[in-house]
Structures are given as structure tokens and as C-alpha cells.
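Next up, start_18.cif (mmCIF, C-alpha atoms (C1' of nucleotides)):
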data_final
loop_
_atom_site.label_atom_id
_atom_site.label_comp_id
_atom_site.auth_asym_id
_atom_site.auth_seq_id
_atom_site.Cartn_x
_atom_site.Cartn_y
_atom_site.Cartn_z
CA MET E 1 -23.29 7.75 -32.73
CA LYS E 2 -26.80 6.72 -31.82
CA GLN E 3 -25.49 4.42 -29.13
CA ALA E 4 -23.35 7.15 -27.65
CA GLN E 5 -26.36 9.45 -27.53
CA ASP E 6 -28.54 6.82 -25.87
CA TYR E 7 -25.82 6.10 -23.38
CA LEU E 8 -25.50 9.77 -22.41
CA ASN E 9 -29.25 9.87 -22.06
CA SER E 10 -29.25 6.91 -19.72
CA LYS E 11 -26.68 8.68 -17.58
CA GLU E 12 -28.74 11.87 -17.55
CA ILE E 13 -26.14 13.87 -19.38
CA HIS E 14 -27.41 16.57 -21.76
CA PHE E 15 -25.92 15.89 -25.13
CA SER E 16 -24.28 18.08 -27.67
CA GLN E 17 -22.32 17.44 -30.84
CA GLN E 18 -19.09 17.50 -28.88
CA ARG E 19 -20.27 15.26 -26.07
CA ILE E 20 -21.66 12.70 -28.47
CA ALA E 21 -18.49 12.71 -30.55
CA ILE E 22 -16.29 12.23 -27.48
CA MET E 23 -18.43 9.43 -26.06
CA ASP E 24 -18.66 7.82 -29.48
CA TYR E 25 -14.89 7.91 -29.78
CA LEU E 26 -14.47 6.30 -26.38
CA MET E 27 -16.99 3.59 -27.18
CA LYS E 28 -15.32 2.73 -30.47
CA HIS E 29 -11.70 2.99 -29.35
CA ARG E 30 -11.10 0.75 -26.38
CA THR E 31 -7.50 1.86 -26.14
CA HIS E 32 -7.87 3.95 -22.97
CA PRO E 33 -6.92 7.11 -24.84
CA THR E 34 -5.49 10.29 -23.35
CA VAL E 35 -7.16 13.70 -23.61
CA ASP E 36 -4.82 14.62 -26.41
CA GLU E 37 -5.43 11.47 -28.40
CA ILE E 38 -9.14 12.15 -28.30
CA TYR E 39 -8.67 15.81 -29.15
CA LEU E 40 -6.34 15.10 -32.08
CA ALA E 41 -8.56 12.33 -33.44
CA LEU E 42 -11.71 14.46 -33.43
CA SER E 43 -10.19 17.75 -34.52
CA PRO E 44 -10.23 17.02 -38.27
CA GLN E 45 -13.99 16.44 -38.40
CA MET E 46 -14.71 19.05 -35.77
CA PRO E 47 -12.25 21.84 -36.35
CA THR E 48 -13.66 24.19 -33.73
CA LEU E 49 -13.25 21.62 -30.97
CA SER E 50 -11.20 22.87 -28.06
CA ARG E 51 -8.92 20.91 -25.78
CA THR E 52 -10.68 22.52 -22.85
CA THR E 53 -13.96 21.04 -24.01
CA VAL E 54 -12.42 17.60 -24.07
CA TYR E 55 -11.14 18.10 -20.53
CA ASN E 56 -14.47 19.49 -19.29
CA THR E 57 -16.49 16.79 -21.00
CA LEU E 58 -14.42 13.90 -19.71
CA LYS E 59 -14.59 15.32 -16.20
CA LEU E 60 -18.36 15.59 -16.50
CA PHE E 61 -18.65 12.02 -17.80
CA ALA E 62 -16.54 10.73 -14.95
CA GLU E 63 -18.57 12.62 -12.34
CA GLN E 64 -21.73 11.04 -13.73
CA ASP E 65 -20.08 7.61 -13.67
CA ALA E 66 -20.42 7.33 -17.42
CA ILE E 67 -16.71 6.64 -17.85
CA LEU E 68 -13.69 5.66 -15.77
CA THR E 69 -10.64 7.84 -15.24
CA ILE E 70 -7.53 5.69 -15.06
CA ASN E 71 -4.52 7.13 -13.25
CA ILE E 72 -2.21 4.19 -13.81
CA ASP E 73 0.09 6.17 -16.09
CA GLU E 74 1.80 8.96 -14.17
CA LYS E 75 2.16 11.06 -17.29
CA ASN E 76 -1.44 11.31 -18.47
CA ALA E 77 -4.92 10.48 -17.34
CA ARG E 78 -6.49 7.76 -19.48
CA PHE E 79 -10.17 7.13 -20.07
CA ASP E 80 -12.35 4.05 -20.37
CA ALA E 81 -15.98 3.89 -21.50
CA CYS E 82 -16.32 0.46 -19.94
CA THR E 83 -17.38 0.99 -16.35
CA SER E 84 -18.09 -2.60 -15.40
CA PRO E 85 -15.58 -4.01 -12.91
CA HIS E 86 -12.24 -5.04 -14.30
CA ALA E 87 -8.57 -4.45 -13.60
CA HIS E 88 -5.97 -2.67 -15.74
CA PHE E 89 -2.46 -3.63 -16.74
CA PHE E 90 -0.08 -0.84 -17.80
CA CYS E 91 2.93 -1.86 -19.89
CA THR E 92 5.75 0.41 -18.79
CA GLN E 93 7.53 -0.30 -22.07
CA CYS E 94 4.93 0.52 -24.73
CA GLY E 95 2.35 2.37 -22.61
CA THR E 96 -0.52 0.13 -23.62
CA ILE E 97 -3.25 -0.40 -21.04
CA TYR E 98 -4.87 -3.83 -21.10
CA ASP E 99 -8.26 -4.67 -19.62
CA ILE E 100 -7.86 -7.60 -17.26
CA PRO E 101 -10.90 -9.55 -16.02
CA LEU E 102 -10.96 -9.99 -12.28
CA PRO E 103 -10.03 -13.49 -11.16
CA GLU E 104 -12.85 -15.90 -10.37
CA GLY E 105 -14.45 -15.29 -7.01
CA GLN E 106 -12.93 -11.85 -6.93
CA ASP E 107 -15.48 -9.63 -8.53
CA SER E 108 -15.35 -6.01 -7.52
CA SER E 109 -17.81 -6.58 -4.72
CA SER E 110 -15.42 -8.95 -3.02
CA LEU E 111 -12.72 -6.31 -3.37
CA SER E 112 -14.83 -3.52 -1.95
CA ASN E 113 -16.63 -5.67 0.61
CA ASN E 114 -13.41 -5.63 2.55
CA PRO E 115 -14.50 -5.64 6.21
CA GLU E 116 -11.69 -3.18 6.92
CA LEU E 117 -13.75 -0.64 4.99
CA LYS E 118 -16.96 -0.96 6.95
CA ASP E 119 -16.76 2.63 8.25
CA PHE E 120 -15.68 4.09 4.92
CA ILE E 121 -17.91 5.17 2.05
CA VAL E 122 -16.27 3.55 -0.97
CA LYS E 123 -17.10 5.36 -4.20
CA SER E 124 -14.63 3.62 -6.49
CA THR E 125 -12.23 0.69 -6.53
CA GLN E 126 -9.30 0.37 -8.91
CA LEU E 127 -6.95 -2.57 -9.33
CA TYR E 128 -3.81 -1.69 -11.25
CA TYR E 129 -0.98 -3.89 -12.47
CA LYS E 130 2.25 -2.62 -13.98
CA GLY E 131 4.96 -4.48 -15.83
CA ILE E 132 5.79 -5.79 -19.29
CA CYS E 133 3.12 -6.98 -21.70
CA PRO E 134 3.39 -10.18 -23.77
CA LEU E 135 4.20 -8.28 -26.98
CA CYS E 136 7.07 -6.33 -25.45
CA LYS E 137 8.29 -9.40 -23.60
CA THR E 138 8.87 -11.38 -26.81
CA SER E 139 10.07 -8.53 -29.02
CA GLU E 140 12.52 -7.46 -26.34
CA LYS E 141 14.04 -10.95 -25.85
CA MET K 1 18.06 7.24 11.90
CA LYS K 2 19.98 4.03 12.44
CA GLN K 3 17.06 1.99 11.18
CA ALA K 4 16.76 4.10 8.05
CA GLN K 5 20.46 3.59 7.36
CA ASP K 6 20.22 -0.16 7.87
CA TYR K 7 17.19 -0.30 5.63
CA LEU K 8 18.97 1.55 2.81
CA ASN K 9 21.86 -0.83 3.26
CA SER K 10 19.60 -3.85 2.92
CA LYS K 11 18.26 -2.41 -0.33
CA GLU K 12 21.78 -1.79 -1.62
CA ILE K 13 21.34 1.96 -1.74
CA HIS K 14 24.42 4.07 -0.99
CA PHE K 15 23.52 6.37 1.85
CA SER K 16 24.09 10.02 2.43
CA GLN K 17 22.84 12.52 4.95
CA GLN K 18 19.96 13.45 2.67
CA ARG K 19 18.96 9.90 1.80
CA ILE K 20 18.97 8.82 5.42
CA ALA K 21 16.95 11.87 6.46
CA ILE K 22 14.36 11.25 3.76
CA MET K 23 14.03 7.55 4.51
CA ASP K 24 13.91 8.31 8.23
CA TYR K 25 11.12 10.79 7.65
CA LEU K 26 9.15 8.25 5.65
CA MET K 27 9.62 5.55 8.26
CA LYS K 28 8.47 7.82 11.09
CA HIS K 29 5.61 9.53 9.26
CA ARG K 30 3.23 6.97 7.93
CA THR K 31 1.05 9.66 6.37
CA HIS K 32 1.97 8.95 2.75
CA PRO K 33 3.51 12.41 2.37
CA THR K 34 4.03 14.34 -0.84
CA VAL K 35 7.41 15.51 -2.11
CA ASP K 36 6.72 18.96 -0.78
CA GLU K 37 5.69 17.79 2.66
CA ILE K 38 8.96 15.92 2.97
CA TYR K 39 10.96 18.84 1.63
CA LEU K 40 9.31 21.39 3.90
CA ALA K 41 9.63 19.16 6.96
CA LEU K 42 13.35 18.52 6.47
CA SER K 43 14.39 21.98 5.29
CA PRO K 44 14.71 23.54 8.77
CA GLN K 45 17.28 20.99 9.96
CA MET K 46 18.90 20.69 6.56
CA PRO K 47 18.81 24.17 5.03
CA THR K 48 20.77 23.27 1.91
CA LEU K 49 18.36 20.50 0.94
CA SER K 50 16.94 20.90 -2.54
CA ARG K 51 13.53 19.89 -3.81
CA THR K 52 15.29 18.22 -6.73
CA THR K 53 17.18 15.99 -4.30
CA VAL K 54 13.92 14.91 -2.72
CA TYR K 55 12.53 14.07 -6.17
CA ASN K 56 15.68 12.22 -7.23
CA THR K 57 15.96 10.34 -3.99
CA LEU K 58 12.37 9.17 -3.92
CA LYS K 59 12.64 8.03 -7.51
CA LEU K 60 15.78 6.07 -6.64
CA PHE K 61 14.12 4.50 -3.60
CA ALA K 62 11.13 3.46 -5.68
CA GLU K 63 13.32 1.95 -8.40
CA GLN K 64 15.10 -0.12 -5.76
CA ASP K 65 11.76 -1.20 -4.31
CA ALA K 66 12.60 0.45 -1.03
CA ILE K 67 9.40 2.50 -1.07
CA LEU K 68 6.06 2.60 -2.86
CA THR K 69 4.92 5.43 -5.10
CA ILE K 70 1.18 5.92 -4.73
CA ASN K 71 -0.65 7.61 -7.59
CA ILE K 72 -4.09 7.55 -6.03
CA ASP K 73 -4.22 11.34 -5.70
CA GLU K 74 -4.24 12.98 -9.11
CA LYS K 75 -2.63 16.12 -7.76
CA ASN K 76 0.54 14.72 -6.20
CA ALA K 77 2.50 11.55 -5.97
CA ARG K 78 2.50 10.17 -2.43
CA PHE K 79 5.08 7.89 -0.85
CA ASP K 80 4.98 4.93 1.49
CA ALA K 81 7.91 3.28 3.24
CA CYS K 82 5.80 0.20 3.89
CA THR K 83 6.23 -2.07 0.88
CA SER K 84 4.42 -5.13 2.19
CA PRO K 85 1.15 -5.81 0.37
CA HIS K 86 -1.79 -3.65 1.39
CA ALA K 87 -4.41 -1.49 -0.26
CA HIS K 88 -4.91 2.28 -0.01
CA PHE K 89 -8.00 4.35 0.62
CA PHE K 90 -7.96 7.99 -0.50
CA CYS K 91 -10.47 10.32 1.13
CA THR K 92 -11.52 12.77 -1.56
CA GLN K 93 -12.65 15.19 1.13
CA CYS K 94 -9.61 15.54 3.40
CA GLY K 95 -6.94 13.95 1.19
CA THR K 96 -5.86 11.45 3.82
CA ILE K 97 -4.59 8.11 2.56
CA TYR K 98 -5.36 5.14 4.80
CA ASP K 99 -3.55 1.81 4.72
CA ILE K 100 -6.10 -0.96 4.29
CA PRO K 101 -5.18 -4.58 4.95
CA LEU K 102 -6.14 -6.90 2.14
CA PRO K 103 -9.19 -9.04 2.90
CA GLU K 104 -8.61 -12.58 4.13
CA GLY K 105 -7.71 -14.98 1.38
CA GLN K 106 -6.83 -12.09 -0.85
CA ASP K 107 -3.20 -11.43 -0.20
CA SER K 108 -1.29 -9.78 -2.99
CA SER K 109 -0.29 -13.09 -4.48
CA SER K 110 -3.93 -13.97 -5.08
CA LEU K 111 -4.37 -10.60 -6.76
CA SER K 112 -1.36 -10.98 -9.01
CA ASN K 113 -1.77 -14.70 -9.57
CA ASN K 114 -4.65 -13.82 -11.84
CA PRO K 115 -4.55 -16.45 -14.60
CA GLU K 116 -5.41 -13.69 -17.08
CA LEU K 117 -1.91 -12.37 -16.44
CA LYS K 118 0.00 -15.54 -17.23
CA ASP K 119 1.73 -14.02 -20.25
CA PHE K 120 2.45 -10.70 -18.55
CA ILE K 121 5.40 -9.86 -16.34
CA VAL K 122 3.79 -8.19 -13.33
CA LYS K 123 6.16 -5.88 -11.50
CA SER K 124 3.68 -4.19 -9.19
CA THR K 125 0.10 -4.47 -8.07
CA GLN K 126 -1.89 -1.63 -6.53
CA LEU K 127 -5.40 -1.72 -5.10
CA TYR K 128 -6.91 1.73 -4.63
CA TYR K 129 -10.17 2.77 -3.02
CA LYS K 130 -11.61 6.28 -3.14
CA GLY K 131 -14.45 7.79 -1.18
CA ILE K 132 -15.18 9.40 2.19
CA CYS K 133 -13.33 8.39 5.34
CA PRO K 134 -15.04 7.79 8.69
CA LEU K 135 -13.89 11.12 10.12
CA CYS K 136 -15.24 13.18 7.22
CA LYS K 137 -18.40 11.10 7.15
CA THR K 138 -19.37 12.00 10.72
CA SER K 139 -18.16 15.61 10.72
CA GLU K 140 -19.98 16.21 7.47
CA LYS K 141 -23.24 14.75 8.76
"C1'" DT T 1 46.94 13.28 -2.35
"C1'" DT T 2 44.89 13.41 -6.48
"C1'" DA T 3 41.87 12.04 -9.94
"C1'" DA T 4 37.47 9.90 -10.93
"C1'" DA T 5 32.81 8.97 -9.76
"C1'" DA T 6 28.63 9.92 -7.42
"C1'" DA T 7 25.42 12.97 -5.23
"C1'" DT T 8 23.48 17.43 -4.54
"C1'" DT T 9 21.94 21.83 -5.80
"C1'" DG T 10 19.36 25.78 -8.12
"C1'" DT T 11 17.49 27.42 -12.08
"C1'" DA T 12 15.09 26.98 -16.10
"C1'" DA T 13 12.15 24.31 -19.03
"C1'" DT T 14 8.30 21.20 -19.83
"C1'" DC T 15 3.84 19.85 -20.00
"C1'" DA T 16 -0.67 18.33 -18.28
"C1'" DT T 17 -4.37 20.46 -16.30
"C1'" DT T 18 -7.34 24.30 -14.64
"C1'" DA T 19 -9.21 29.13 -14.30
"C1'" DC T 20 -11.54 32.39 -16.46
"C1'" DA T 21 -14.17 35.36 -19.24
"C1'" DA T 22 -16.07 36.01 -23.75
"C1'" DA T 23 -18.74 34.00 -27.46
"C1'" DA T 24 -21.93 30.71 -29.21
"C1'" DA T 25 -25.64 27.58 -28.81
"C1'" DT T 26 -29.68 25.96 -26.64
"C1'" DA T 27 -33.81 26.08 -23.77
"C1'" DT T 28 -37.55 28.77 -21.61
"C1'" DA T 29 -41.15 32.02 -21.01
"C1'" DT T 30 -43.88 35.53 -22.71
"C1'" DA V 1 -42.07 33.52 -32.99
"C1'" DT V 2 -38.97 36.65 -29.94
"C1'" DA V 3 -36.61 38.13 -26.22
"C1'" DT V 4 -34.32 36.32 -22.15
"C1'" DA V 5 -32.01 33.15 -19.28
"C1'" DT V 6 -29.20 29.15 -19.04
"C1'" DT V 7 -25.92 26.02 -20.64
"C1'" DT V 8 -22.03 24.85 -23.37
"C1'" DT V 9 -18.02 25.83 -25.86
"C1'" DT V 10 -13.89 28.17 -26.83
"C1'" DG V 11 -9.08 30.26 -26.52
"C1'" DT V 12 -5.84 32.21 -23.80
"C1'" DA V 13 -3.47 32.66 -19.78
"C1'" DA V 14 -2.16 30.85 -15.34
"C1'" DT V 15 -0.89 27.12 -12.29
"C1'" DG V 16 1.83 23.74 -10.43
"C1'" DA V 17 4.07 19.31 -10.31
"C1'" DT V 18 7.89 17.24 -12.30
"C1'" DT V 19 12.16 16.91 -15.09
"C1'" DA V 20 16.42 18.53 -17.59
"C1'" DC V 21 20.62 20.24 -17.06
"C1'" DA V 22 24.96 22.02 -15.84
"C1'" DA V 23 27.68 23.57 -12.04
"C1'" DT V 24 29.23 22.55 -7.48
"C1'" DT V 25 30.13 19.71 -3.67
"C1'" DT V 26 31.01 15.39 -1.57
"C1'" DT V 27 32.63 10.81 -1.53
"C1'" DT V 28 35.39 6.99 -3.23
"C1'" DA V 29 39.33 4.79 -4.98
"C1'" DA V 30 43.89 4.70 -6.88
#

Please, can you express the file's structure as C-alpha cells?
Amino acid sequence: MKQAQDYLNSKEIHFSQQRIAIMDYLMKHRTHPTVDEIYLALSPQMPTLSRTTVYNTLKLFAEQDAILTINIDEKNARFDACTSPHAHFFCTQCGTIYDIPLPEGQDSSSLSNNPELKDFIVKSTQLYYKGICPLCKTSEK
Amino acid sequence: MKQAQDYLNSKEIHFSQQRIAIMDYLMKHRTHPTVDEIYLALSPQMPTLSRTTVYNTLKLFAEQDAILTINIDEKNARFDACTSPHAHFFCTQCGTIYDIPLPEGQDSSSLSNNPELKDFIVKSTQLYYKGICPLCKTSEK
DNA sequence: TTAAAAATTGTAATCATTACAAAAATATAT
DNA sequence: ATATATTTTTGTAATGATTACAATTTTTAA
């Protein structure tokens, strides 16, 4: 809770009960949750919480670069409190999103320092993989 | 038209007037159009065409790896007849999607040959950039 | 030529997200 | 401290892309 508050502070985001709870949830659940997962998880302890607030808050966080919005799953936006450069793998079978470190010598700067982009202003870079994860691969057989 | 038909053939997709027209449109308009753009463009010459057919057909093409579905724009899915490896840049101002060649020494195999993915079955890899394109940058000033 | 299979169509449903305006909470100035 | 302005939250209603579905049409194969 304290960490979430400090983090919001560092990103110059005014805090509130709701904002702290949402950031705290994201920091403690590295599962790339959907809006609804966050809303349903927090509702019990915060019965007045509104879905709209979750939407608004996540949008605010993303605009302030405090979180990442992941659009790898066509059904729902997913959210990640870890903003340091890494790729994402989406298992089309179970829906899990895995964090994937970038390969050696391919940190995000090498991805966005693409000379083809010299006249573009790049604000974000996303590397997405889709397929079957190890768990589904073996259980499927 | 002939090319579109041959291409569908090579991907083992039964063709029909509608399928050829849709593939032909995609091959001739490298603008990464939305479902609606395709539907509205083809409607005049093909008045019985249904939006549902455009949806179904594009889904079929994507499943057969004949086209790419691009989810870089949260509002709409966008489609690309060019399936060879390249990145996409989405201008958040004008909505244009640019094809961006991958940087030297970073072809798609180097992206998906990430050792972190050795236990995953990778079916697709997408590299997305977002920001402001050169045109919007200068006109904005 | 006729029956079976595949493709297309239009409408209705779904569902994530956004718009909006009222209510509540918080910050500011007197 | 108190009234006022600003920000945040809330709930409902609207939007809009996509999908479900069942009927119709077209194509294929016997």
C-alpha cells in the first residue's frame, strides 16, 4: 500500500483510496489482469467502487506512463505495472500472458533505435508473441 | 483480381466472388484497412455484400495465414495482406499505420528465436510502435 | 439432376468501453 | 474554521465493434 502510494507520487499522480488500491493490486498481482478482474477483486473491500473508476484510473495511469496497457488479447485490454522493457507472450489456449525478457543485445533501445524510424516520434514499443505456453503444450499432448 | 485468386489458391482457400474481391482490395490497398473500410469500398460494386461476410472472410484468411490481423489500434482491427516479417508504426494522431522494415540483424527469426521462448510454441510475432508520424509532426509544429 | 455441403446474408445479441451528469470528496482562499 | 472551487468518483445510459444464429443462396459432388 505504501509502495503503491510512493509510486503514484513519483509519477505525479494525485492519490486517492481507489487509485492506491488499484495500483497496489497491479503491483501485487503480476498476472496482467483485465479491468474486470481488478474490479471484482477490489469490490469486496471497497463496495462503492465503480467499474468506471477502474477504467478512468487505468487510463490515467497509462497516460502518465505509470503502467502499460497490453492489447495482445483481442477480447480485453490487460494491464502491467512493470514498465521496464520486456516482451509479452499470450497463450491462445489458456489466456495467460507471460513476461518475456528481451534477448541479449536486443534491449528496447535497439528495437526503437530502428533507423527506419528516424523521422517518427516513438512513444511506445511493444513486442508481442502468441502461441501455446509450456503448461498447455504438455497438458494438451 | 487474377493475382488475388492465385494467392488464395496457394493458401488452399476456396475462392468466391467475395473472397477474391476482399483479397484483391487488400493487395491493392496497403493502408491496413478496417473491416468497415473494406466493406464500404466494395459495397458499390457488390451491393449484396454483407459486413458479416467481410468479418468471416478476414477471419478465415488470418487463420490460413494469408493475411495479418493487426491489433495496434484499440478501436478497430486492421488487416495487412503482406505477411512477410515487418513491424508496424501507428500514428496516434492521424491513425495511419506504417510498415516498418525490421532493423538489420533483427529479422523476425532473431525476434522469435529468443531463448526465453524455448519451451513455448510461438505462432506469431508482432512488433508495434506508437507515436507521431513525420507528417503529423511537421503539420502540428 | 438432385442431394449434400459450403458460403453468404441480415438481424439480433453480446460485451467491452466511453459519455455524461450528478454526487461525494478534497483542496483552496478568505 | 467556513464557504467556494476543483477534483474524483459513481451509476446509468449510450456507443460501437464483433459474434451468434438461422435462413437463403451458391457451389460441389454423386

Computed interatomic separation between CA of Leu42 in chain E and CA of Phe15 in chain E (Å): 16.5 Å

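What separates CA of His86 in chain E from CA of Pro101 in chain E is a distance of 5.0 Å.
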
Selection under test: the PyMOL selection byres ((chain E) within 10 of (chain T)); residues as a PDB file with C-alpha atoms, in the coordinates of the input:
ATOM      1  CA  SER E  16     -24.280  18.080 -27.670  1.00  0.00           C
ATOM      2  CA  VAL E  35      -7.160  13.700 -23.610  1.00  0.00           C
ATOM      3  CA  ASP E  36      -4.820  14.620 -26.410  1.00  0.00           C
ATOM      4  CA  THR E  52     -10.680  22.520 -22.850  1.00  0.00           C
ATOM      5  CA  TYR E  55     -11.140  18.100 -20.530  1.00  0.00           C
ATOM      6  CA  ASN E  56     -14.470  19.490 -19.290  1.00  0.00           C
ATOM      7  CA  LYS E  75       2.160  11.060 -17.290  1.00  0.00           C
ATOM      8  CA  ASN E  76      -1.440  11.310 -18.470  1.00  0.00           C
ATOM      9  CA  ALA E  77      -4.920  10.480 -17.340  1.00  0.00           C
TER      10      ALA E  77
END

One-decimal distance in Å that lies between CA of Gln64 in chain K and CA of Ala21 in chain K: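 Taking CA of Ala21 in chain K and CA of Gln64 in chain K, their separation equals 17.2 Å.
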
Interface list for chain E, partner chain K, 12 Å threshold, only C-alpha atoms, as a ChimeraX atom specification: /E:69-78,86-93,98-138

Expected answer as a list in words: all residues with atoms within 8 Å of (-22.5, 1.4, -27.5), all atoms listed in the file: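 Those within range, by chain then number, are Gln3, Ala4, Tyr7, Asp24, Met27 and Lys28 of chain E.
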
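Using only C-alpha atoms (C1' of nucleotides) for every distance, the candidate list V:DT12, V:DT2, V:DA17, V:DT7 yields V:DA17 as the residue closest to chain K.
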
Residues in the PyMOL selection byres ((chain E) within 8 of (chain V)), expressed as a ChimeraX atom specification: /E:48-50,52-53

Where is the centre and how long are the edges: axis-aligned box on range 76-90 of chain K, 5 Å on each side, Å to one decimal, as lines of an AutoDock Vina configuration file:
center_x = 0.0
center_y = 4.5
center_z = -1.2
size_x = 25.9
size_y = 30.5
size_z = 20.1

Expansion of the PyMOL selection byres ((chain K and resi 13) around 12) into residues, as a list in words: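 For this structure, the PyMOL selection byres ((chain K and resi 13) around 12) resolves to Ala4, Gln5, Asp6, Tyr7, Leu8, Asn9, Ser10, Lys11, Glu12, His14, Phe15, Ser16, Arg19, Ile20, Met23, Thr57, Leu58, Leu60, Phe61, Ala62, Glu63, Gln64, Asp65, Ala66 and Ile67 of chain K.
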